Amino acid sequence: MALYEHMLIARQDISAQAVDALATHLKTIIENEGGKVEKQEYWGLRTLAYRIKKNRKGHYVLLNLNAPANAIAELERQLKINEDVLRFITVRVEAFEQSNSSRKREEARRPREDAAPEAEGAAV
């Protein structure tokens with residue numbers, strides 16, 4: 001099975017719970033075809049660079065998938081039918097990259113190693 005990153009943008013009119021339900025539906029599609037969703041990230045309601053189908057904002061969702069090609073074909077077929085999805089893209093990757101939001105959370109948790117204590121610099 002191959003690794004894929006899948007990003008979708010849903011309409012701004014639907015709630016965050018409806019977007020989560022949509023992502024859960026996509027997860028069941030992948031699992032029924034023999035694949036696995038490694039990670040699901042909801043990026044929130046964000047402003048679009050240009051209007052898409054009369055929408056200025058959209059709910060962004062990122063899925064990291066480990067699935068066969070037929071599962072991806074079925075996923076994309078279902079997304080083409082769904083009216084709540086504005087755009088989607090699926091890209092095959094060699095390894096999953098850690099997303100910016102996860103990276104920022106990790107950096108905030110651990111203290112910076114290169115920062116010297118202030119008391120030592122003032123004593124000189």
# chains A, B, ... in the order shown; residues from 1 in each chain; ligands from 1
$ residues_around --residues "Lys39 in chain A" --least-positions-apart "4" --cutoff "12 Å" --atoms "only C-alpha atoms" --output "mmCIF file with N, CA and C atoms, in the first residue's frame"
data_model
loop_
_atom_site.group_PDB
_atom_site.id
_atom_site.type_symbol
_atom_site.label_atom_id
_atom_site.label_comp_id
_atom_site.auth_asym_id
_atom_site.auth_seq_id
_atom_site.Cartn_x
_atom_site.Cartn_y
_atom_site.Cartn_z
ATOM 1 N N LEU A 3 1.474 5.556 0.554
ATOM 2 C CA LEU A 3 1.148 6.628 1.482
ATOM 3 C C LEU A 3 0.653 7.843 0.703
ATOM 4 N N TYR A 4 -0.420 8.459 1.187
ATOM 5 C CA TYR A 4 -1.007 9.623 0.524
ATOM 6 C C TYR A 4 -1.319 10.702 1.551
ATOM 7 N N GLU A 5 -1.191 11.953 1.126
ATOM 8 C CA GLU A 5 -1.713 13.081 1.886
ATOM 9 C C GLU A 5 -2.927 13.592 1.127
ATOM 10 N N HIS A 6 -4.035 13.720 1.824
ATOM 11 C CA HIS A 6 -5.283 14.142 1.193
ATOM 12 C C HIS A 6 -5.789 15.388 1.905
ATOM 13 N N MET A 7 -5.990 16.457 1.149
ATOM 14 C CA MET A 7 -6.508 17.714 1.701
ATOM 15 C C MET A 7 -7.848 18.004 1.051
ATOM 16 N N ALA A 23 -15.405 13.749 7.490
ATOM 17 C CA ALA A 23 -14.096 13.093 7.597
ATOM 18 C C ALA A 23 -14.236 11.664 8.116
ATOM 19 N N THR A 24 -15.154 11.443 9.032
ATOM 20 C CA THR A 24 -15.408 10.085 9.540
ATOM 21 C C THR A 24 -15.966 9.196 8.435
ATOM 22 N N LYS A 27 -13.173 8.230 6.272
ATOM 23 C CA LYS A 27 -12.367 7.225 6.971
ATOM 24 C C LYS A 27 -12.966 5.826 6.791
ATOM 25 N N VAL A 61 -9.410 20.207 5.975
ATOM 26 C CA VAL A 61 -9.159 18.933 6.644
ATOM 27 C C VAL A 61 -8.008 18.237 5.928
ATOM 28 N N LEU A 62 -7.045 17.746 6.708
ATOM 29 C CA LEU A 62 -5.904 16.991 6.176
ATOM 30 C C LEU A 62 -6.001 15.555 6.669
ATOM 31 N N LEU A 63 -5.857 14.611 5.746
ATOM 32 C CA LEU A 63 -5.856 13.189 6.085
ATOM 33 C C LEU A 63 -4.554 12.563 5.591
ATOM 34 N N ASN A 64 -3.870 11.839 6.452
ATOM 35 C CA ASN A 64 -2.717 11.032 6.043
ATOM 36 C C ASN A 64 -3.226 9.610 5.869
ATOM 37 N N LEU A 65 -3.082 9.072 4.663
ATOM 38 C CA LEU A 65 -3.668 7.782 4.320
ATOM 39 C C LEU A 65 -2.600 6.761 3.959
ATOM 40 N N ASN A 66 -2.834 5.529 4.366
ATOM 41 C CA ASN A 66 -2.037 4.394 3.951
ATOM 42 C C ASN A 66 -3.033 3.445 3.292
ATOM 43 N N PHE A 96 5.253 10.398 5.606
ATOM 44 C CA PHE A 96 4.417 11.482 6.095
ATOM 45 C C PHE A 96 5.279 12.550 6.739
ATOM 46 N N GLU A 97 4.956 13.802 6.417
ATOM 47 C CA GLU A 97 5.651 14.931 6.998
ATOM 48 C C GLU A 97 4.856 15.406 8.197
ATOM 49 N N GLN A 98 5.562 15.872 9.210
ATOM 50 C CA GLN A 98 4.857 16.412 10.367
ATOM 51 C C GLN A 98 4.320 17.781 9.976
ATOM 52 N N SER A 99 3.037 18.017 10.209
ATOM 53 C CA SER A 99 2.421 19.277 9.778
ATOM 54 C C SER A 99 2.881 20.431 10.650
ATOM 55 N N SER A 102 1.277 20.681 14.233
ATOM 56 C CA SER A 102 1.839 19.723 15.188
ATOM 57 C C SER A 102 3.247 20.133 15.580
#
$ select_by_dssp --residues "range 10-99 of chain A" --states "strand (DSSP E)" --output "PyMOL selection string"
chain A and resi 10-11+36-52+55-67+85-93
$ select_by_dssp --residues "range 15-52 of chain A" --states "alpha helix (DSSP H)" --output "MDAnalysis selection string"
chainID A and resid 16:32
$ atom_distance --atom1 "CA of Gly58 in chain A" --atom2 "CA of Glu33 in chain A"
27.9 Å
$ closest_residue --among "A:Thr90, A:Asn70, A:Asn82, A:Asn55" --to "Asp13 in chain A" --atoms "only C-alpha atoms"
A:Asn55
$ residues_around --residues "Leu8 in chain A" --least-positions-apart "4" --cutoff "12 Å" --atoms "only C-alpha atoms" --output "number ranges by chain"
A: 19-20, 22-23, 26, 40-45, 58-64, 75-76, 79-80, 82, 84-91
$ atom_distance --atom1 "CA of Glu83 in chain A" --atom2 "CA of Gly34 in chain A"
25.6 Å
$ closest_residue --among "A:Met1, A:Arg11, A:Ala95, A:Val37" --to "Lys53 in chain A" --atoms "only C-alpha atoms"
A:Arg11
$ atom_distance --atom1 "CA of Ile14 in chain A" --atom2 "CA of Arg46 in chain A"
13.3 Å
$ decode --residues "range 30-74 of chain A" --atoms "N, CA and C atoms" --output "short mmCIF file (atom, residue, chain, number, x, y, z; two decimals), in the first residue's frame"
data_model
loop_
_atom_site.label_atom_id
_atom_site.label_comp_id
_atom_site.auth_asym_id
_atom_site.auth_seq_id
_atom_site.Cartn_x
_atom_site.Cartn_y
_atom_site.Cartn_z
N ILE A 30 -12.21 4.52 3.25
CA ILE A 30 -10.83 4.03 3.15
C ILE A 30 -10.68 2.67 3.83
N GLU A 31 -11.24 2.54 5.03
CA GLU A 31 -11.11 1.28 5.77
C GLU A 31 -11.86 0.14 5.10
N ASN A 32 -13.00 0.42 4.46
CA ASN A 32 -13.74 -0.62 3.74
C ASN A 32 -12.97 -1.12 2.52
N GLU A 33 -12.13 -0.27 1.95
CA GLU A 33 -11.33 -0.66 0.78
C GLU A 33 -9.99 -1.26 1.17
N GLY A 34 -9.75 -1.44 2.47
CA GLY A 34 -8.52 -2.09 2.92
C GLY A 34 -7.39 -1.13 3.27
N GLY A 35 -7.69 0.13 3.44
CA GLY A 35 -6.67 1.12 3.80
C GLY A 35 -6.78 1.54 5.25
N LYS A 36 -5.98 2.53 5.61
CA LYS A 36 -5.96 3.00 6.99
C LYS A 36 -5.70 4.51 6.99
N VAL A 37 -6.42 5.23 7.85
CA VAL A 37 -6.19 6.66 8.04
C VAL A 37 -5.20 6.80 9.19
N GLU A 38 -3.99 7.25 8.87
CA GLU A 38 -2.95 7.38 9.89
C GLU A 38 -3.19 8.58 10.79
N LYS A 39 -3.64 9.70 10.19
CA LYS A 39 -3.86 10.91 10.96
C LYS A 39 -4.95 11.74 10.30
N GLN A 40 -5.76 12.38 11.12
CA GLN A 40 -6.81 13.27 10.64
C GLN A 40 -6.64 14.59 11.39
N GLU A 41 -6.49 15.69 10.63
CA GLU A 41 -6.30 17.01 11.23
C GLU A 41 -7.34 17.97 10.69
N TYR A 42 -8.03 18.65 11.59
CA TYR A 42 -8.97 19.70 11.21
C TYR A 42 -8.26 21.03 11.40
N TRP A 43 -8.09 21.77 10.31
CA TRP A 43 -7.36 23.04 10.36
C TRP A 43 -8.26 24.23 10.61
N GLY A 44 -9.55 24.03 10.60
CA GLY A 44 -10.47 25.10 10.93
C GLY A 44 -11.02 25.83 9.71
N LEU A 45 -11.79 26.88 9.99
CA LEU A 45 -12.39 27.70 8.95
C LEU A 45 -11.38 28.77 8.55
N ARG A 46 -10.98 28.75 7.29
CA ARG A 46 -9.95 29.68 6.81
C ARG A 46 -10.46 30.42 5.57
N THR A 47 -9.90 31.60 5.36
CA THR A 47 -10.26 32.41 4.20
C THR A 47 -9.57 31.86 2.96
N LEU A 48 -10.33 31.77 1.87
CA LEU A 48 -9.78 31.29 0.60
C LEU A 48 -9.07 32.42 -0.13
N ALA A 49 -8.14 32.10 -0.98
CA ALA A 49 -7.42 33.10 -1.77
C ALA A 49 -8.33 33.73 -2.82
N TYR A 50 -9.30 32.97 -3.31
CA TYR A 50 -10.27 33.46 -4.28
C TYR A 50 -11.58 32.71 -4.06
N ARG A 51 -12.65 33.24 -4.59
CA ARG A 51 -13.95 32.62 -4.40
C ARG A 51 -14.05 31.30 -5.17
N ILE A 52 -14.59 30.30 -4.50
CA ILE A 52 -14.84 29.00 -5.11
C ILE A 52 -16.32 28.68 -4.90
N LYS A 53 -17.05 28.57 -5.99
CA LYS A 53 -18.49 28.27 -5.94
C LYS A 53 -19.21 29.22 -4.97
N LYS A 54 -18.90 30.51 -5.09
CA LYS A 54 -19.52 31.59 -4.31
C LYS A 54 -19.19 31.53 -2.82
N ASN A 55 -18.10 30.88 -2.44
CA ASN A 55 -17.67 30.80 -1.05
C ASN A 55 -16.36 31.55 -0.87
N ARG A 56 -16.27 32.31 0.21
CA ARG A 56 -15.05 33.05 0.53
C ARG A 56 -14.22 32.36 1.59
N LYS A 57 -14.82 31.43 2.33
CA LYS A 57 -14.14 30.69 3.38
C LYS A 57 -14.40 29.20 3.21
N GLY A 58 -13.60 28.39 3.89
CA GLY A 58 -13.79 26.95 3.82
C GLY A 58 -13.17 26.24 5.01
N HIS A 59 -13.73 25.09 5.34
CA HIS A 59 -13.18 24.24 6.40
C HIS A 59 -12.11 23.35 5.79
N TYR A 60 -10.90 23.40 6.32
CA TYR A 60 -9.79 22.61 5.81
C TYR A 60 -9.60 21.35 6.65
N VAL A 61 -9.41 20.21 5.97
CA VAL A 61 -9.16 18.93 6.64
C VAL A 61 -8.01 18.24 5.93
N LEU A 62 -7.04 17.75 6.71
CA LEU A 62 -5.90 16.99 6.18
C LEU A 62 -6.00 15.56 6.67
N LEU A 63 -5.86 14.61 5.75
CA LEU A 63 -5.86 13.19 6.08
C LEU A 63 -4.55 12.56 5.59
N ASN A 64 -3.87 11.84 6.45
CA ASN A 64 -2.72 11.03 6.04
C ASN A 64 -3.23 9.61 5.87
N LEU A 65 -3.08 9.07 4.66
CA LEU A 65 -3.67 7.78 4.32
C LEU A 65 -2.60 6.76 3.96
N ASN A 66 -2.83 5.53 4.37
CA ASN A 66 -2.04 4.39 3.95
C ASN A 66 -3.03 3.45 3.29
N ALA A 67 -3.12 3.53 1.96
CA ALA A 67 -4.21 2.83 1.27
C ALA A 67 -3.79 2.39 -0.13
N PRO A 68 -4.49 1.39 -0.67
CA PRO A 68 -4.24 0.99 -2.07
C PRO A 68 -4.87 2.01 -3.03
N ALA A 69 -4.49 1.93 -4.28
CA ALA A 69 -4.94 2.89 -5.29
C ALA A 69 -6.46 2.84 -5.50
N ASN A 70 -7.06 1.66 -5.40
CA ASN A 70 -8.51 1.57 -5.62
C ASN A 70 -9.28 2.27 -4.50
N ALA A 71 -8.73 2.32 -3.30
CA ALA A 71 -9.37 3.04 -2.19
C ALA A 71 -9.35 4.54 -2.46
N ILE A 72 -8.25 5.04 -3.00
CA ILE A 72 -8.14 6.46 -3.32
C ILE A 72 -9.10 6.82 -4.45
N ALA A 73 -9.23 5.94 -5.43
CA ALA A 73 -10.16 6.18 -6.54
C ALA A 73 -11.60 6.26 -6.04
N GLU A 74 -11.96 5.36 -5.12
CA GLU A 74 -13.31 5.39 -4.55
C GLU A 74 -13.53 6.64 -3.69
#
